[in-house]
Amino acid sequence: MSQVATAEVFHHDDNAQVKRIWKTFWILLVLTILELGIGLTIYTIHKGENPSHTLVLMFKGLVCILTMAKAFYIVSVFMHLGDEIRNMIMTIIVPLLLFVWFIIAFLWDGNAWKNLRNTDAGSRIYIEKTHEKTSVPAKQNGQKD
Amino acid sequence: MTTATAQPTTKLWSGGKSPFNISYGKVMMWYFLMSDAFTFGAFLISYGTIRFSQNVWADANHVFNAFPFTGHANLPLAFVSLMTFILILSSVTMVLAVHDGHNMNRKGVEKWLIFTILGGLAFLGCQAWEWTHLITGDHQVLVNGVVQHWGTTVTHNPWGPETLFKGKEVATPGPIAFGGYFFGITGFHGFHVFSGVIINSVMLIKTRLKHFELRGHYEMIEKAGLYWHFVDLVWVFVFLCFYLV
């Protein structure tokens, strides 16, 4: 008799679980479509007359946030990390916090390299070259990238 | 035993069972995936560093605008979105396989594993097409006053800023690192997808041979599932870093 009862409870639980999986799928799909929309928005902004760099940067930041949300759903629901006990979750999450330092430090370094190169290590002022098709001279012999 | 009953309120682990309520194999799979996350993270951050150090970079909407059987139609992001969709869908079928494994439903596990493997193969096919399209592409690039025809490879980047040459718009060489990072990272990810397809195929064969049914549990499917979801997870970030930003 108890077996029947457990089977019933299990069955109910079962349906809820499958529903949760499909719900997560739809969430991921919607997030991806949003990301796609933002990607195409950035494309349109770039094509426009005076692309606003602040706006583009904002949209790029938004895409990063949406990506983190997708990562959360995949890890939490699909990989069932959300169902594990707290200590298990922490042994995964805490080491990954290294990425916070990792990303900030290295992107900062990359940017510093760009500044050094553009200013000959600070000895001159950098004047941004515009890459408008008409303003770049045809001949660029000997110029290295 | 008496000590265990004497301290029922303590939350400290007293030994004798898994401290995480999870099997050794699954814990180790998690830690392997964590190390793999650091490997992918290092690649992607290295890519970010180099990209931040450049004044110009290839515009993803410009580079990835092709779709099979549409000729030269300008469809930015369309194909890679399809690839993303395929991978998310195959992640769902994998989690459904794991779910049927919990219920000891062998037929269900087989069905969903087959869908997952097909999804993986479809993704690999898409990637093969994309790589071929990029490598065999023909773009006019102005190099030292001469127009050359370049594809996108690890040594050639035809996606630099455009310029006027003899009254025509021609591209100039872009930062050479682009191809290496793109093919390197998507290749490493593709290799993971390929391994995942192999692992899932082995799981399918073992399921068909009733190995897990006789063992009494489908935990191996769970471990393969963790790996497969991780591959999907990495793609989410590759998609972000190469195609969206």
# chains A, B, ... in the order shown; residues from 1 in each chain; ligands from 1
>>> interface_residues(of="chain B", to="chain A", cutoff="6 Å", atoms="only C-alpha atoms", output="list of chain:residue names")
B:Phe20, B:Thr49, B:Ile50, B:Phe52, B:Ser53, B:Gln54, B:Val95, B:Asn144, B:Glu162, B:Thr163, B:Leu164, B:Phe165, B:Leu226, B:Leu244, B:Val245
>>> residues_around(residues="Gly137 of chain B", least_positions_apart="6", cutoff="9 Å", atoms="only C-alpha atoms", output="ChimeraX atom specification")
/B:149-152
>>> closest_residue(among="B:Gly16, B:Phe67, B:Val92, B:Leu44", to="Lys23 of chain A", atoms="only C-alpha atoms")
B:Val92
>>> closest_residue(among="B:Gln127, B:Ser201, B:Ser35, B:Asn61", to="Leu77 of chain B", atoms="only C-alpha atoms")
B:Asn61
>>> residues_around(residues="Met104 of chain B", least_positions_apart="3", cutoff="12 Å", atoms="only C-alpha atoms", output="list of chain:residue names")
B:Ala97, B:Val98, B:His99, B:Asp100, B:Gly101, B:Lys107, B:Gly108, B:Val109, B:Glu110, B:Thr207, B:Lys210, B:His211, B:Phe212, B:Glu213, B:Leu214, B:Arg215, B:Gly216, B:His217, B:Tyr218, B:Glu219, B:Ile221
>>> write_last_selection(atoms="C-alpha atoms", output="compact mmCIF listing (two decimals), in the first residue's frame")
# COMPACT_ATOMS: atom_id res chain seq x y z
CA ALA B 97 17.13 11.49 -20.60
CA VAL B 98 18.57 12.00 -17.11
CA HIS B 99 15.03 12.41 -15.81
CA ASP B 100 13.84 9.15 -17.38
CA GLY B 101 16.95 7.52 -15.93
CA LYS B 107 13.04 3.26 -23.42
CA GLY B 108 12.77 6.92 -22.47
CA VAL B 109 16.50 7.22 -21.81
CA GLU B 110 17.23 5.67 -25.22
CA THR B 207 21.60 1.66 -22.06
CA LYS B 210 20.72 -2.88 -20.18
CA HIS B 211 23.91 -2.24 -18.22
CA PHE B 212 22.31 0.49 -16.13
CA GLU B 213 19.07 -1.41 -15.70
CA LEU B 214 21.02 -4.34 -14.23
CA ARG B 215 23.10 -1.96 -12.10
CA GLY B 216 19.89 -0.55 -10.65
CA HIS B 217 20.57 3.11 -11.42
CA TYR B 218 21.34 5.46 -14.32
CA GLU B 219 23.97 7.59 -12.61
CA ILE B 221 23.67 9.16 -17.66
>>> select_by_dssp(residues="chain A", states="alpha helix (DSSP H)", output="NGL selection string")
:A and (2-47 or 53-73 or 86-96 or 98-118)
>>> atom_distance(atom1="atom CA of Phe230 of chain B", atom2="atom CA of Phe32 of chain B")
10.6 Å
>>> decode(residues="segment 12-61 of chain A", atoms="N, CA and C atoms", output="compact mmCIF listing (two decimals), in the first residue's frame")
# COMPACT_ATOMS: atom_id res chain seq x y z
N HIS A 12 3.45 12.62 -9.34
CA HIS A 12 3.10 14.03 -9.28
C HIS A 12 4.38 14.88 -9.38
N ASP A 13 5.36 14.50 -8.59
CA ASP A 13 6.65 15.16 -8.55
C ASP A 13 7.30 15.15 -9.94
N ASP A 14 7.12 14.00 -10.60
CA ASP A 14 7.66 13.74 -11.92
C ASP A 14 7.17 14.77 -12.93
N ASN A 15 5.84 14.97 -12.95
CA ASN A 15 5.25 15.93 -13.88
C ASN A 15 5.79 17.32 -13.63
N ALA A 16 5.88 17.70 -12.36
CA ALA A 16 6.36 19.03 -12.00
C ALA A 16 7.78 19.22 -12.52
N GLN A 17 8.59 18.16 -12.39
CA GLN A 17 9.99 18.23 -12.81
C GLN A 17 10.09 18.45 -14.32
N VAL A 18 9.29 17.66 -15.08
CA VAL A 18 9.32 17.79 -16.54
C VAL A 18 8.85 19.18 -16.95
N LYS A 19 7.82 19.67 -16.26
CA LYS A 19 7.32 21.02 -16.54
C LYS A 19 8.42 22.05 -16.32
N ARG A 20 9.17 21.86 -15.22
CA ARG A 20 10.23 22.80 -14.88
C ARG A 20 11.30 22.81 -15.97
N ILE A 21 11.62 21.62 -16.49
CA ILE A 21 12.64 21.53 -17.55
C ILE A 21 12.19 22.32 -18.77
N TRP A 22 10.94 22.12 -19.19
CA TRP A 22 10.46 22.81 -20.40
C TRP A 22 10.33 24.31 -20.16
N LYS A 23 9.94 24.66 -18.92
CA LYS A 23 9.84 26.09 -18.59
C LYS A 23 11.23 26.73 -18.74
N THR A 24 12.25 26.02 -18.24
CA THR A 24 13.61 26.54 -18.35
C THR A 24 14.02 26.68 -19.81
N PHE A 25 13.60 25.71 -20.63
CA PHE A 25 13.90 25.79 -22.06
C PHE A 25 13.33 27.07 -22.65
N TRP A 26 12.07 27.35 -22.31
CA TRP A 26 11.44 28.56 -22.87
C TRP A 26 12.14 29.82 -22.38
N ILE A 27 12.53 29.82 -21.09
CA ILE A 27 13.25 30.98 -20.55
C ILE A 27 14.54 31.19 -21.34
N LEU A 28 15.28 30.08 -21.56
CA LEU A 28 16.55 30.19 -22.28
C LEU A 28 16.33 30.68 -23.70
N LEU A 29 15.25 30.19 -24.32
CA LEU A 29 14.96 30.59 -25.70
C LEU A 29 14.65 32.08 -25.76
N VAL A 30 13.82 32.55 -24.83
CA VAL A 30 13.45 33.96 -24.81
C VAL A 30 14.70 34.83 -24.56
N LEU A 31 15.55 34.39 -23.62
CA LEU A 31 16.77 35.15 -23.34
C LEU A 31 17.66 35.21 -24.58
N THR A 32 17.77 34.08 -25.31
CA THR A 32 18.59 34.05 -26.52
C THR A 32 18.03 34.99 -27.57
N ILE A 33 16.69 34.99 -27.71
CA ILE A 33 16.08 35.87 -28.71
C ILE A 33 16.30 37.33 -28.33
N LEU A 34 16.21 37.62 -27.02
CA LEU A 34 16.50 38.99 -26.56
C LEU A 34 17.93 39.38 -26.91
N GLU A 35 18.87 38.45 -26.65
CA GLU A 35 20.28 38.71 -26.96
C GLU A 35 20.45 38.99 -28.44
N LEU A 36 19.76 38.18 -29.23
CA LEU A 36 19.82 38.33 -30.69
C LEU A 36 19.31 39.70 -31.10
N GLY A 37 18.18 40.10 -30.49
CA GLY A 37 17.60 41.41 -30.77
C GLY A 37 18.58 42.52 -30.44
N ILE A 38 19.25 42.39 -29.29
CA ILE A 38 20.22 43.40 -28.90
C ILE A 38 21.40 43.41 -29.86
N GLY A 39 21.84 42.20 -30.26
CA GLY A 39 22.95 42.10 -31.23
C GLY A 39 22.61 42.83 -32.52
N LEU A 40 21.37 42.64 -32.99
CA LEU A 40 20.96 43.29 -34.23
C LEU A 40 20.79 44.80 -34.02
N THR A 41 20.38 45.18 -32.80
CA THR A 41 20.28 46.62 -32.49
C THR A 41 21.66 47.26 -32.57
N ILE A 42 22.65 46.58 -31.99
CA ILE A 42 24.02 47.09 -32.05
C ILE A 42 24.46 47.23 -33.51
N TYR A 43 24.10 46.22 -34.32
CA TYR A 43 24.43 46.24 -35.75
C TYR A 43 23.83 47.47 -36.42
N THR A 44 22.55 47.74 -36.08
CA THR A 44 21.87 48.90 -36.67
C THR A 44 22.52 50.20 -36.21
N ILE A 45 22.87 50.27 -34.94
CA ILE A 45 23.51 51.48 -34.41
C ILE A 45 24.84 51.73 -35.15
N HIS A 46 25.60 50.64 -35.34
CA HIS A 46 26.89 50.75 -36.02
C HIS A 46 26.73 51.24 -37.45
N LYS A 47 25.63 50.83 -38.08
CA LYS A 47 25.40 51.21 -39.48
C LYS A 47 24.99 52.66 -39.60
N GLY A 48 24.44 53.21 -38.51
CA GLY A 48 23.89 54.57 -38.54
C GLY A 48 24.95 55.64 -38.75
N GLU A 49 24.48 56.87 -38.88
CA GLU A 49 25.37 57.99 -39.17
C GLU A 49 26.39 58.26 -38.07
N ASN A 50 25.87 58.51 -36.86
CA ASN A 50 26.74 58.80 -35.73
C ASN A 50 26.54 57.77 -34.63
N PRO A 51 27.24 56.62 -34.74
CA PRO A 51 27.02 55.58 -33.75
C PRO A 51 27.40 56.06 -32.34
N SER A 52 26.47 55.92 -31.39
CA SER A 52 26.75 56.33 -30.02
C SER A 52 27.48 55.20 -29.30
N HIS A 53 28.71 55.47 -28.91
CA HIS A 53 29.51 54.42 -28.28
C HIS A 53 29.00 54.06 -26.90
N THR A 54 28.44 55.06 -26.22
CA THR A 54 27.91 54.79 -24.88
C THR A 54 26.73 53.83 -24.99
N LEU A 55 25.87 54.09 -25.97
CA LEU A 55 24.69 53.24 -26.17
C LEU A 55 25.11 51.82 -26.50
N VAL A 56 26.10 51.69 -27.40
CA VAL A 56 26.59 50.37 -27.78
C VAL A 56 27.14 49.64 -26.56
N LEU A 57 27.92 50.38 -25.75
CA LEU A 57 28.51 49.79 -24.54
C LEU A 57 27.42 49.33 -23.58
N MET A 58 26.37 50.14 -23.47
CA MET A 58 25.25 49.78 -22.59
C MET A 58 24.59 48.49 -23.05
N PHE A 59 24.34 48.40 -24.36
CA PHE A 59 23.70 47.20 -24.90
C PHE A 59 24.59 45.98 -24.70
N LYS A 60 25.92 46.18 -24.87
CA LYS A 60 26.84 45.07 -24.67
C LYS A 60 26.81 44.60 -23.22
N GLY A 61 26.74 45.56 -22.30
CA GLY A 61 26.63 45.21 -20.88
C GLY A 61 25.37 44.42 -20.60
